[in-house]
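As structure tokens, the structure follows; a few thoughts come after it.
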Amino acid sequence: MKTSESTIGIVGAGIGGLVAAIALRRAGHDVAVFEQAKQFARVGADINLTPNAVRALDGLGVGEAARVTAARPSYRISRTYDTGEETSRLEMADSAEQRYGAPQLTIHRADLLAALADMFPAECVALGKRAQTIAADEKGVSLSFSDGTGARVGALLGADGIHSCVRTAMFGAESPRFTGIVAYRAVVPAERVAGVPNLGAFTKWWGPNPQSQIVTFPLNRGRDIFIFATTPQDSWHLESWTAPGSVDELREQYVAYHPEARALLEACDTVLKTALYERDPMPAWTAGRMALLGDAAHPMLPFMAQGAGMAIEDAVVLSRHLEGVAMADMPSALQAYQAARIERASQVQLGSRGNNWLREGGNADWVYGYDAWAVPLGAPAGATATA
């Protein structure tokens with residue numbers, strides 16, 4: 001794959017990286033994506049795309065493909081872990097589409113990535129490219145990879161997750177912080193738990209402390225139910241998409257939960273387990289011709305289910321700021337993107353850490369009603385914002 005100082009390079013072919021690649025190419029830029037994995041594999045978690053994320057995908061023409069395998073939760077329900085009392089219930093599905101212009105979709109990450117990959121030329125994605133060194137100057141950015149190859153681009157975006165090498169190149173080495181929380185993930189056939197109510201809803205069982213919860217939602221058009229459970233645990237530090245956990249341990253952690261929640265855990269045959277890590281909000285996401293998006297900029301705990309949504313919003317708003325921008329003007333355009341996004345993403349990042357959003361009801365409009373295609377553009381320091 002040939003690149004030049006007229007190319008925008010993106011490190012990371014995850015959700016944020018591919019959305020940015022599609023949007024920037026539509027905005028007229030030459031784009032190259034560098035991904036460390038040697039092939040796209042069906043790994044990762046099932047994800048919740050709330051209306052703000054789905055509307056952004058619809059604007060790229062990806063939403064229709066995502067709907068093919070996704071489920072549309074009927075409600076967003078909060079319940080107390082032991083009594084089962086409902087503390088909030090928001091209508092989703094058609095009601096969300098009427099209110100926000102898009103529904104909520106729950107989908108496997110791999111299905112969304114496949115839909116995105118179909119929208120971007122495969123020859124513009126270089127696999128097996130683990131960045132080792134990144135050096136920027138006034139005219140561009142040079143990368144060297146672990147396979148001995150290199151690339152030169154005019155600007156570089158880091159969409160490479162919480163352990164971002166682009167972030168390290170921009171601001172120095174810094175390790176993410178273990179939260180003391182682990183997460184369990186499992187999928188069970190809906191027919192196996194047919195007697196449990198609200199299977200078609202996104203349901204959050206709020207535990208006895210902010211770190212303990214069980215979240216369930218439908219997948220594969222309702223044929224399966226995804227279970228995501230978190231609990232404090234200091235003895236497990238492995239961060240992994242694929243590490244197996246113990247079903248017995250999973251059930252033991254939630255013995256105090258309501259019978260309906262426990263019935264879902266009893267239906268599990270296997271479970272995956274991962275440690276959860278986080279960083280604090282950053283004061284800046286840009287440096288010269290480089291910028292960050294998604295988890296590279298604002299990794300967050302999953303308690304507001306906005307990790308993918310924030311990455312998708314970042315990518316769309318970034319593409320709007322870079323439309324028609326010459327490479328010489330990239331630094332100021334990237335600062336304007338930062339100005340437009342950093343306050344919102346940091347607010348969601350901190351809200352996710354606090355884990356109290358919609359526990360007792362409330363208005364979801366400030367999250368779900370955000371339109372990445374219509375929000376005002378930002379401006380770098382000393383400049384005037386334009387709509």
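Each chain in the structure tokens gets a letter, A, B and so on, in the order shown; residues start at 1 in every chain, and ligands are counted from 1 in the order they appear.
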
| request: Would you mind listing what lies within 10 Å of A:Arg167 as a PyMOL selection string, with only C-alpha atoms counted and same-chain residues fewer than 5 positions away left out? | output: chain A and resi 157-162+172-174+285-287+290-293+296-297

| Leaving out stretch 127-140 of chain A and any residue of its chain fewer than 3 positions from it, which residues lie within 9 Å of it when counting only C-alpha atoms, given as a PyMOL selection string? | chain A and resi 4-6+11+13+33-40+143-147+149-150+152-156+165-166+169-170+288-290+327-328

Could you write out that same residue set with N, CA, C and O atoms as a CSV table (one decimal), in the first residue's frame?
```csv
chain,number,residue,atom,x,y,z
A,4,SER,N,1.6,8.7,1.1
A,4,SER,CA,2.4,9.9,0.8
A,4,SER,C,2.0,11.0,1.8
A,4,SER,O,1.2,10.8,2.7
A,5,GLU,N,2.6,12.2,1.7
A,5,GLU,CA,2.3,13.3,2.6
A,5,GLU,C,0.9,13.9,2.3
A,5,GLU,O,0.5,14.8,3.0
A,6,SER,N,0.2,13.3,1.3
A,6,SER,CA,-1.2,13.7,1.1
A,6,SER,C,-2.2,12.7,1.6
A,6,SER,O,-3.4,12.9,1.5
A,11,VAL,N,-4.1,4.6,12.7
A,11,VAL,CA,-3.6,3.4,13.3
A,11,VAL,C,-4.8,2.8,14.1
A,11,VAL,O,-5.3,3.4,15.0
A,13,ALA,N,-7.9,-0.5,13.2
A,13,ALA,CA,-9.0,-0.8,12.3
A,13,ALA,C,-10.2,-1.4,13.1
A,13,ALA,O,-10.9,-2.3,12.7
A,33,VAL,N,-5.2,2.8,6.5
A,33,VAL,CA,-5.4,2.2,7.8
A,33,VAL,C,-4.4,1.2,8.1
A,33,VAL,O,-4.2,0.3,7.3
A,34,PHE,N,-3.8,1.2,9.3
A,34,PHE,CA,-2.7,0.3,9.7
A,34,PHE,C,-3.3,-0.5,10.9
A,34,PHE,O,-3.6,0.1,11.9
A,35,GLU,N,-3.4,-1.8,10.8
A,35,GLU,CA,-3.9,-2.6,11.8
A,35,GLU,C,-2.9,-3.7,12.2
A,35,GLU,O,-2.4,-4.4,11.4
A,36,GLN,N,-2.7,-3.8,13.6
A,36,GLN,CA,-1.7,-4.8,14.0
A,36,GLN,C,-2.1,-6.2,13.9
A,36,GLN,O,-1.3,-7.1,13.7
A,37,ALA,N,-3.4,-6.5,13.9
A,37,ALA,CA,-3.8,-7.9,13.7
A,37,ALA,C,-3.5,-8.4,12.3
A,37,ALA,O,-3.6,-7.6,11.3
A,38,LYS,N,-3.2,-9.7,12.2
A,38,LYS,CA,-2.9,-10.2,10.8
A,38,LYS,C,-4.1,-10.5,10.0
A,38,LYS,O,-4.0,-10.7,8.8
A,39,GLN,N,-5.2,-10.6,10.7
A,39,GLN,CA,-6.5,-10.9,10.0
A,39,GLN,C,-7.6,-10.4,10.8
A,39,GLN,O,-7.5,-10.3,12.1
A,40,PHE,N,-8.8,-10.1,10.2
A,40,PHE,CA,-9.9,-9.8,11.0
A,40,PHE,C,-10.5,-11.1,11.5
A,40,PHE,O,-10.8,-12.0,10.7
A,143,LEU,N,6.1,6.4,10.2
A,143,LEU,CA,5.9,5.3,11.1
A,143,LEU,C,6.8,4.1,10.7
A,143,LEU,O,7.1,3.9,9.5
A,144,SER,N,7.3,3.4,11.6
A,144,SER,CA,8.0,2.1,11.4
A,144,SER,C,7.2,1.0,12.1
A,144,SER,O,6.7,1.2,13.2
A,145,PHE,N,7.2,-0.1,11.4
A,145,PHE,CA,6.4,-1.3,11.9
A,145,PHE,C,7.3,-2.4,12.3
A,145,PHE,O,8.5,-2.5,11.9
A,146,SER,N,6.8,-3.3,13.1
A,146,SER,CA,7.6,-4.4,13.7
A,146,SER,C,8.0,-5.4,12.6
A,146,SER,O,8.9,-6.2,12.8
A,147,ASP,N,7.3,-5.4,11.4
A,147,ASP,CA,7.7,-6.3,10.3
A,147,ASP,C,8.9,-5.7,9.5
A,147,ASP,O,9.2,-6.3,8.4
A,149,THR,N,8.8,-2.8,7.9
A,149,THR,CA,8.4,-1.8,6.9
A,149,THR,C,8.1,-0.4,7.5
A,149,THR,O,8.1,-0.3,8.8
A,150,GLY,N,7.8,0.5,6.7
A,150,GLY,CA,7.5,1.9,7.2
A,150,GLY,C,6.5,2.6,6.3
A,150,GLY,O,6.1,2.1,5.3
A,152,ARG,N,5.0,6.8,5.4
A,152,ARG,CA,5.0,8.3,5.6
A,152,ARG,C,3.6,8.8,5.2
A,152,ARG,O,3.1,8.5,4.1
A,153,VAL,N,3.0,9.6,6.1
A,153,VAL,CA,1.7,10.2,5.9
A,153,VAL,C,1.7,11.6,6.2
A,153,VAL,O,2.6,12.1,6.9
A,154,GLY,N,0.7,12.4,5.8
A,154,GLY,CA,0.6,13.8,6.0
A,154,GLY,C,0.1,14.1,7.4
A,154,GLY,O,0.4,15.1,8.0
A,155,ALA,N,-0.8,13.2,7.9
A,155,ALA,CA,-1.4,13.4,9.2
A,155,ALA,C,-1.7,12.0,9.7
A,155,ALA,O,-1.9,11.1,9.0
A,156,LEU,N,-1.8,11.8,11.1
A,156,LEU,CA,-1.9,10.5,11.6
A,156,LEU,C,-3.0,10.6,12.7
A,156,LEU,O,-2.9,11.4,13.6
A,165,CYS,N,-0.4,3.3,20.9
A,165,CYS,CA,1.0,3.7,20.6
A,165,CYS,C,1.0,5.1,20.1
A,165,CYS,O,2.0,5.8,20.3
A,166,VAL,N,0.0,5.6,19.4
A,166,VAL,CA,-0.1,7.0,18.9
A,166,VAL,C,-0.1,7.9,20.1
A,166,VAL,O,0.6,9.0,20.2
A,169,ALA,N,3.3,8.2,21.6
A,169,ALA,CA,4.2,9.0,20.7
A,169,ALA,C,3.9,10.5,20.9
A,169,ALA,O,4.8,11.3,20.9
A,170,MET,N,2.6,10.8,21.2
A,170,MET,CA,2.3,12.2,21.3
A,170,MET,C,2.6,12.8,22.7
A,170,MET,O,3.1,13.9,22.8
A,288,GLY,N,0.2,18.8,16.8
A,288,GLY,CA,0.6,19.0,15.5
A,288,GLY,C,-0.3,18.3,14.5
A,288,GLY,O,-1.5,18.6,14.4
A,289,ARG,N,0.2,17.4,13.7
A,289,ARG,CA,-0.5,16.7,12.7
A,289,ARG,C,-1.1,15.3,13.2
A,289,ARG,O,-1.4,14.5,12.4
A,290,MET,N,-1.1,15.1,14.5
A,290,MET,CA,-1.6,13.9,15.1
A,290,MET,C,-2.8,14.2,16.0
A,290,MET,O,-2.8,15.2,16.7
A,327,MET,N,-3.4,19.7,3.8
A,327,MET,CA,-2.5,19.1,4.8
A,327,MET,C,-1.8,20.2,5.7
A,327,MET,O,-1.6,20.0,6.9
A,328,ALA,N,-1.5,21.3,5.1
A,328,ALA,CA,-0.8,22.4,5.8
A,328,ALA,C,-1.7,23.0,6.9
A,328,ALA,O,-1.2,23.5,7.9
```

| message | Going by DSSP on the backbone, which residues of stretch 130-359 of chain A come out as strand (DSSP E or B)? List them as a PyMOL selection string. | response | chain A and resi 131-137+140-145+150-153+155-158+177-189+202-206+213-219+224-232+244+272-278+286-287+290-292+359

| Selected residue, from A:Glu343, A:Glu85, A:Asp314, A:Asp365, that lies nearest to A:Trp205 when counting only C-alpha atoms | A:Glu85

| remark: Students should find that atom CA of A:Leu116 and atom CA of A:Ala311 are spaced 13.6 Å

Need the shell around stretch 190-194 of chain A: protein/DNA/RNA residues with any atom at most 10 Å away, counting only C-alpha atoms. Skip same-chain ones fewer than 5 positions apart. Format as a compact mmCIF listing (two decimals) with N, CA and C atoms, in the first residue's frame?
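To be explicit, this is the file written out as around-v2.txt:
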```
# COMPACT_ATOMS: atom_id res chain seq x y z
N LEU A 199 -37.03 -10.21 28.16
CA LEU A 199 -35.89 -10.65 27.37
C LEU A 199 -35.63 -9.73 26.18
N GLY A 200 -36.65 -9.07 25.71
CA GLY A 200 -36.47 -8.17 24.58
C GLY A 200 -35.98 -6.78 24.95
N PRO A 218 -30.99 -8.38 24.13
CA PRO A 218 -31.13 -9.36 23.06
C PRO A 218 -30.09 -9.18 21.97
N LEU A 219 -29.77 -10.27 21.30
CA LEU A 219 -28.87 -10.28 20.15
C LEU A 219 -29.50 -11.08 19.01
N GLY A 222 -33.03 -11.17 18.57
CA GLY A 222 -33.74 -11.70 19.72
C GLY A 222 -33.56 -13.19 19.94
N ARG A 223 -32.81 -13.86 19.08
CA ARG A 223 -32.62 -15.31 19.24
C ARG A 223 -31.71 -15.65 20.41
N ASP A 224 -30.82 -14.72 20.77
CA ASP A 224 -29.89 -14.93 21.87
C ASP A 224 -30.00 -13.79 22.87
N ILE A 225 -29.50 -14.05 24.08
CA ILE A 225 -29.44 -13.03 25.13
C ILE A 225 -27.99 -12.88 25.57
N PHE A 226 -27.52 -11.65 25.54
CA PHE A 226 -26.16 -11.34 25.97
C PHE A 226 -26.18 -10.96 27.45
N GLU A 260 -34.82 -13.80 38.87
CA GLU A 260 -34.87 -13.65 37.42
C GLU A 260 -33.48 -13.39 36.84
N ALA A 263 -31.53 -16.70 37.08
CA ALA A 263 -31.97 -17.69 36.08
C ALA A 263 -31.17 -17.56 34.79
N LEU A 264 -30.81 -16.34 34.43
CA LEU A 264 -30.00 -16.13 33.23
C LEU A 264 -28.60 -16.70 33.43
N LEU A 265 -28.03 -16.51 34.62
CA LEU A 265 -26.70 -17.04 34.89
C LEU A 265 -26.72 -18.57 34.92
N GLU A 266 -27.79 -19.14 35.43
CA GLU A 266 -27.90 -20.60 35.48
C GLU A 266 -27.93 -21.20 34.08
N ALA A 267 -28.35 -20.42 33.10
CA ALA A 267 -28.44 -20.92 31.72
C ALA A 267 -27.11 -20.88 30.99
N CYS A 268 -26.08 -20.27 31.59
CA CYS A 268 -24.78 -20.13 30.93
C CYS A 268 -24.02 -21.45 30.92
```

| With distances taken over only C-alpha atoms, which of A:Leu377, A:Ala275, A:Ala305, A:Ala333 is nearest to A:Val348? | A:Ala305

Stretch 181-284 of chain A residues near stretch 350-364 of chain A within 8 Å, closest pair each, using only C-alpha atoms, as a Markdown table:
```
| residue | atom | partner | partner_atom | distance |
| --- | --- | --- | --- | --- |
| A:Trp206 | CA | A:Arg359 | CA | 7.6 |
| A:Pro210 | CA | A:Asn355 | CA | 6.0 |
| A:Gln211 | CA | A:Asn355 | CA | 8.0 |
| A:Pro281 | CA | A:Leu350 | CA | 7.7 |
```

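Between A:His237 and the candidates A:Lys273, A:Arg262, A:Arg26, A:Arg221, the tightest atom-to-atom separation, counting only C-alpha atoms, involves A:Lys273.
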
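By only C-alpha atoms, and with residues fewer than 4 positions from A:Ile312 along its chain excluded, the set lying at most 7 Å from it is Gly16, Val19, Ala53, Ala56, Ala308 and Val316 of chain A.
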
| Contacts of A:Ala65 at 12 Å or less, counting only C-alpha atoms, minus same-chain residues fewer than 5 places along, as a list in words? |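 Skipping anything fewer than 5 positions along the chain leaves Val54, Leu57, Asp58, Leu60, Ala70, Leu105, Ile107, Asp111, Leu112, Leu113, Ala114, Ala115, Leu116, Ala117, Asp118 and Met119 of chain A.
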
Those same residues, written as an mmCIF file, in the first residue's frame with C-alpha atoms?
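Full text of selection.cif as output:
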```cif
data_model
loop_
_atom_site.group_PDB
_atom_site.id
_atom_site.type_symbol
_atom_site.label_atom_id
_atom_site.label_comp_id
_atom_site.auth_asym_id
_atom_site.auth_seq_id
_atom_site.Cartn_x
_atom_site.Cartn_y
_atom_site.Cartn_z
ATOM 1 C CA VAL A 54 -26.938 4.538 15.101
ATOM 2 C CA LEU A 57 -23.824 5.283 11.231
ATOM 3 C CA ASP A 58 -26.979 5.975 9.227
ATOM 4 C CA LEU A 60 -22.539 7.013 6.491
ATOM 5 C CA ALA A 70 -28.962 -6.602 15.231
ATOM 6 C CA LEU A 105 -29.366 -1.615 18.186
ATOM 7 C CA ILE A 107 -25.078 -6.276 17.806
ATOM 8 C CA ASP A 111 -20.909 -7.958 12.641
ATOM 9 C CA LEU A 112 -20.543 -4.190 12.891
ATOM 10 C CA LEU A 113 -16.884 -4.370 11.829
ATOM 11 C CA ALA A 114 -17.869 -6.497 8.831
ATOM 12 C CA ALA A 115 -20.483 -3.931 7.804
ATOM 13 C CA LEU A 116 -17.889 -1.174 8.099
ATOM 14 C CA ALA A 117 -15.202 -3.119 6.230
ATOM 15 C CA ASP A 118 -17.604 -3.570 3.317
ATOM 16 C CA MET A 119 -17.769 0.227 3.002
#
```

| Per DSSP on the backbone, what are the helix (DSSP H, G or I) residues of stretch 232-299 of chain A, as a list in words? |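 Answer for stretch 232-299 of chain A restricted to helix (DSSP H, G or I) is Val247, Asp248, Glu249, Leu250, Arg251, Glu252, Gln253, Pro259, Glu260, Ala261, Arg262, Ala263, Leu264, Leu265, Glu266, Gly294, Asp295 and Ala296 of chain A.
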
| Between A:Ala102, A:Ala372, A:Leu250, A:Ala126, which one has atoms that come closest to A:Ala151, using only C-alpha atoms? |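 Using only C-alpha atoms, A:Ala151 sits closest to A:Ala126.
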
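Straight-line separation from atom CA of A:Val31 to atom CA of A:Cys124: 7.0 Å.
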
| Separation of atom CA of A:Ala315 from atom CA of A:Ala20, in Å and rounded to one decimal |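 About the pair atom CA of A:Ala315 and atom CA of A:Ala20: they are 4.4 Å apart.
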
Could you pull the residues within 9 Å of A:Ala201, counting only C-alpha atoms, minus those fewer than 4 positions along the same chain, as a short mmCIF file (atom, residue, chain, number, x, y, z; two decimals) with N, CA, C and O atoms, in the first residue's frame?
```
data_model
loop_
_atom_site.label_atom_id
_atom_site.label_comp_id
_atom_site.auth_asym_id
_atom_site.auth_seq_id
_atom_site.Cartn_x
_atom_site.Cartn_y
_atom_site.Cartn_z
N ARG A 72 -33.38 -4.96 18.33
CA ARG A 72 -33.85 -3.63 18.70
C ARG A 72 -34.52 -3.73 20.07
O ARG A 72 -35.69 -4.09 20.16
N PRO A 73 -33.78 -3.46 21.14
CA PRO A 73 -34.40 -3.57 22.47
C PRO A 73 -35.66 -2.73 22.59
O PRO A 73 -35.74 -1.61 22.07
N SER A 74 -36.64 -3.29 23.29
CA SER A 74 -37.94 -2.63 23.43
C SER A 74 -37.92 -1.51 24.48
O SER A 74 -38.59 -0.49 24.32
N TYR A 75 -37.17 -1.73 25.56
CA TYR A 75 -37.09 -0.77 26.65
C TYR A 75 -35.66 -0.74 27.19
O TYR A 75 -34.88 -1.67 26.95
N ARG A 76 -35.36 0.33 27.93
CA ARG A 76 -34.17 0.37 28.77
C ARG A 76 -34.67 0.38 30.20
O ARG A 76 -35.26 1.36 30.66
N ILE A 77 -34.42 -0.70 30.93
CA ILE A 77 -35.01 -0.90 32.25
C ILE A 77 -33.90 -0.93 33.30
O ILE A 77 -32.88 -1.58 33.12
N MET A 92 -37.79 2.28 24.04
CA MET A 92 -36.79 2.37 22.98
C MET A 92 -37.47 1.94 21.66
O MET A 92 -38.58 2.35 21.39
N THR A 216 -28.31 -7.23 30.67
CA THR A 216 -28.72 -8.20 29.66
C THR A 216 -29.43 -7.49 28.52
O THR A 216 -30.12 -6.48 28.73
N PHE A 217 -29.24 -8.01 27.31
CA PHE A 217 -29.99 -7.47 26.17
C PHE A 217 -30.02 -8.52 25.04
O PHE A 217 -29.21 -9.44 25.01
N PRO A 218 -30.99 -8.38 24.13
CA PRO A 218 -31.13 -9.36 23.06
C PRO A 218 -30.09 -9.18 21.97
O PRO A 218 -29.58 -8.08 21.75
#
```
